[in-house]
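Engineer: Sharing a structure with you now.
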Amino acid sequence: MRLVKPANFSLEKQIQSLVERNLGEVFSCRFVASEVPTGREHAGRIDTLALSEDNNPVIIEYKKVESSELVTQSLYYLSWLSDHRGDFEIVARKKLGANIEISWDEIRVICIAPGYRKFDLHAVKVMGANIELWQYRLFANNCIYLEEIFRRDSGASDSPAWNGASKNPVMVEAGKKAAATRMQGTYTFEEHIENKPTEIQKVVEEIRQFILDLDESVEESPKKFYVAYKLAKNFVCMEVHHKKITLFLKLDPAEISPFPVNARDVSNIGHYGTGDLEFMIHSRNDVDLAKQFIKASYEAVGGS
């Protein structure tokens, strides 16, 4: 057995280009723009802007060395983007089409570097922002390993501990803006079942528990119009109505046979949730079949 030696990129632009070429596969995002200027006052450039599969704006920043500047800079750009939504929408619609949906219920921030200091990990925990820290390892045979080492818990409080959290005023102000932005667009699972018939609520709870029991890594992410369940990618989006529950699944409708009567191909039909297969549940009788397709969708995005 031969050990492969570690290596590194000679330029930050190299890892940026690699990630931008593979945004869909790695982060389930659509590319919007590179090196976006933030104007005279902020005097910077956002490395990558993208749009998530939930239609949320995404900021991605890169460093080829361990640096606390990456977290500070990312939060600073998050503050800028919160105040310049129109600028993002113009660029996104120019790249992705005039009719593209853009949701501001949260802004996702992704930091990518070969390592982080303990102070960085503490800072992002107290900031309350939707920030992810990803660590990469490059090897001499041109293989790269990318690992997520921090993501804000979706169930955590959005009230950050400001006292003594940071001595950097830029970081403090950016973090406050990030927390305020999240608080304006935070939704809960309970809101989706509120005032729904008791029978529908029972079915929703059964489906929810089945999904969460698939894997301890499954994340529940309530949005304005649906509740998303995901690993690295969404694999179920659930809309709760008064007379039915609609699931959107990451499955290719063309590969499903026999095709269920309560499902349809929505790959060319606009809808809020992500996924090309729509499955409708009208009563408890439809749940067992729905579970089969939910599990298949989970496996399709890498679950096991």
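In the structure tokens, chains take the letters A, B, ... in the order shown, each chain's residues start at 1, and ligands count up from 1 in the order shown.
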Quick one: which segment 3-55 of chain A residues come within 12 Å of segment 224-234 of chain A, and what is the nearest atom pair for each with the distance in Å to one decimal, counting only C-alpha atoms, rows ordered by chain and ascending number, as JSON lines?

Structural biologist:
```
{"residue": "A:Leu23", "atom": "CA", "partner": "A:Lys233", "partner_atom": "CA", "distance": 11.8}
{"residue": "A:Gly24", "atom": "CA", "partner": "A:Lys233", "partner_atom": "CA", "distance": 9.6}
{"residue": "A:Glu25", "atom": "CA", "partner": "A:Lys233", "partner_atom": "CA", "distance": 9.1}
{"residue": "A:Val26", "atom": "CA", "partner": "A:Ala232", "partner_atom": "CA", "distance": 7.9}
{"residue": "A:Phe27", "atom": "CA", "partner": "A:Ala232", "partner_atom": "CA", "distance": 7.0}
{"residue": "A:Ser28", "atom": "CA", "partner": "A:Lys233", "partner_atom": "CA", "distance": 6.1}
{"residue": "A:Cys29", "atom": "CA", "partner": "A:Lys233", "partner_atom": "CA", "distance": 9.6}
{"residue": "A:Ser52", "atom": "CA", "partner": "A:Lys233", "partner_atom": "CA", "distance": 9.8}
{"residue": "A:Glu53", "atom": "CA", "partner": "A:Asn234", "partner_atom": "CA", "distance": 7.9}
{"residue": "A:Asp54", "atom": "CA", "partner": "A:Asn234", "partner_atom": "CA", "distance": 8.6}
{"residue": "A:Asn55", "atom": "CA", "partner": "A:Lys224", "partner_atom": "CA", "distance": 11.6}
```

Engineer: Keeping C-alpha atoms, export the residues of the selection given above as an mmCIF file, in the first residue's frame.

Structural biologist:
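The result, stored in part.cif:
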```
data_model
loop_
_atom_site.group_PDB
_atom_site.id
_atom_site.type_symbol
_atom_site.label_atom_id
_atom_site.label_comp_id
_atom_site.auth_asym_id
_atom_site.auth_seq_id
_atom_site.Cartn_x
_atom_site.Cartn_y
_atom_site.Cartn_z
ATOM 1 C CA LEU A 23 -22.047 23.313 -7.131
ATOM 2 C CA GLY A 24 -25.023 21.104 -7.912
ATOM 3 C CA GLU A 25 -23.371 17.848 -6.906
ATOM 4 C CA VAL A 26 -21.656 19.126 -3.755
ATOM 5 C CA PHE A 27 -23.989 21.773 -2.341
ATOM 6 C CA SER A 28 -27.220 21.387 -4.338
ATOM 7 C CA CYS A 29 -26.852 24.978 -5.544
ATOM 8 C CA SER A 52 -29.842 26.905 -3.083
ATOM 9 C CA GLU A 53 -32.348 24.221 -4.033
ATOM 10 C CA ASP A 54 -34.759 25.991 -1.652
ATOM 11 C CA ASN A 55 -34.201 29.205 -3.653
#
```

Engineer: Contacts of Lys118 of chain A at 12 Å or less, counting only C-alpha atoms, minus same-chain residues fewer than 2 places along, as a list of chain:residue names?

Structural biologist: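 Neighbouring residues, sequence-local ones excluded: A:Glu66, A:Ser67, A:Ser68, A:Val71, A:Gly115, A:Tyr116, A:Asp120, A:Leu121, A:His122, A:Ala123, A:Val124, A:Lys125, A:Ile149, A:Phe150.
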
Engineer: Quick one: residues within 12 Å of Gln292 of chain A, only C-alpha atoms counted, chain neighbours fewer than 6 positions away excluded, as a PyMOL selection string?

Structural biologist: chain A and resi 207+210-211+214+249+251+256+260+279+286+298-299

Engineer: Produce a file of the selected residues containing C-alpha atoms, as a JSON list (two decimals), in the first residue's frame.

Structural biologist:
```
[["chain", "number", "residue", "atom", "x", "y", "z"],
["A", 207, "ILE", "CA", -44.77, 10.53, 8.05],
["A", 210, "PHE", "CA", -40.78, 7.79, 9.63],
["A", 211, "ILE", "CA", -38.53, 10.29, 7.83],
["A", 214, "LEU", "CA", -34.40, 6.89, 8.59],
["A", 249, "LEU", "CA", -39.46, 13.44, -3.87],
["A", 251, "LEU", "CA", -36.91, 10.48, -7.87],
["A", 256, "ILE", "CA", -40.98, 4.33, -11.70],
["A", 260, "PRO", "CA", -49.00, 5.02, -8.66],
["A", 279, "PHE", "CA", -47.03, 12.03, -4.29],
["A", 286, "ASP", "CA", -51.87, 6.01, 1.30],
["A", 298, "TYR", "CA", -33.62, 8.98, 0.72],
["A", 299, "GLU", "CA", -31.41, 6.30, -0.86]]
```

Engineer: Tell me, which residues of segment 10-160 of chain A carry DSSP alpha helix (DSSP H), written as a VMD selection string?

Structural biologist: chain A and resid 12 to 21 23 to 27 39 to 42 69 to 83 85 to 96 118 to 127

Engineer: As number ranges by chain, please: the residues near segment 134-136 of chain A (cut-off 8 Å, only C-alpha atoms, same-chain neighbours under 4 positions excluded).

Structural biologist: A: 110-116, 144-150

Engineer: Please provide the set of residues having any atom within 10 Å of segment 239-245 of chain A, restricted to only C-alpha atoms, with same-chain residues fewer than 3 positions apart removed, written as a list in words.

Structural biologist: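 Result of the neighbour search: His192, Ile193, Glu194, Asn195, Lys196, Pro197, Thr198, Glu199, Ile200, Gln201, Val203, Val204, Ile207, Lys223, Lys224, Phe225, Tyr226, Val227, Ala228, Val236, Phe248, Tyr272, Gly273, Phe279, Met280, Ile281, His282 and Ser283 of chain A.
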
Engineer: Would you list the contacts of Ala300 of chain A as an NGL selection string, taking every protein, DNA or RNA residue within 9 Å and counting only C-alpha atoms, but skipping same-chain residues closer than 5 positions in sequence?

Structural biologist: :A and (235 or 250-251 or 295)

Engineer: Tell me, in Å to one decimal, how far atom CA of Ala7 of chain A is from atom CA of Tyr62 of chain A.

Structural biologist: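 Spanning atom CA of Ala7 of chain A to atom CA of Tyr62 of chain A is a straight-line distance of 16.4 Å.
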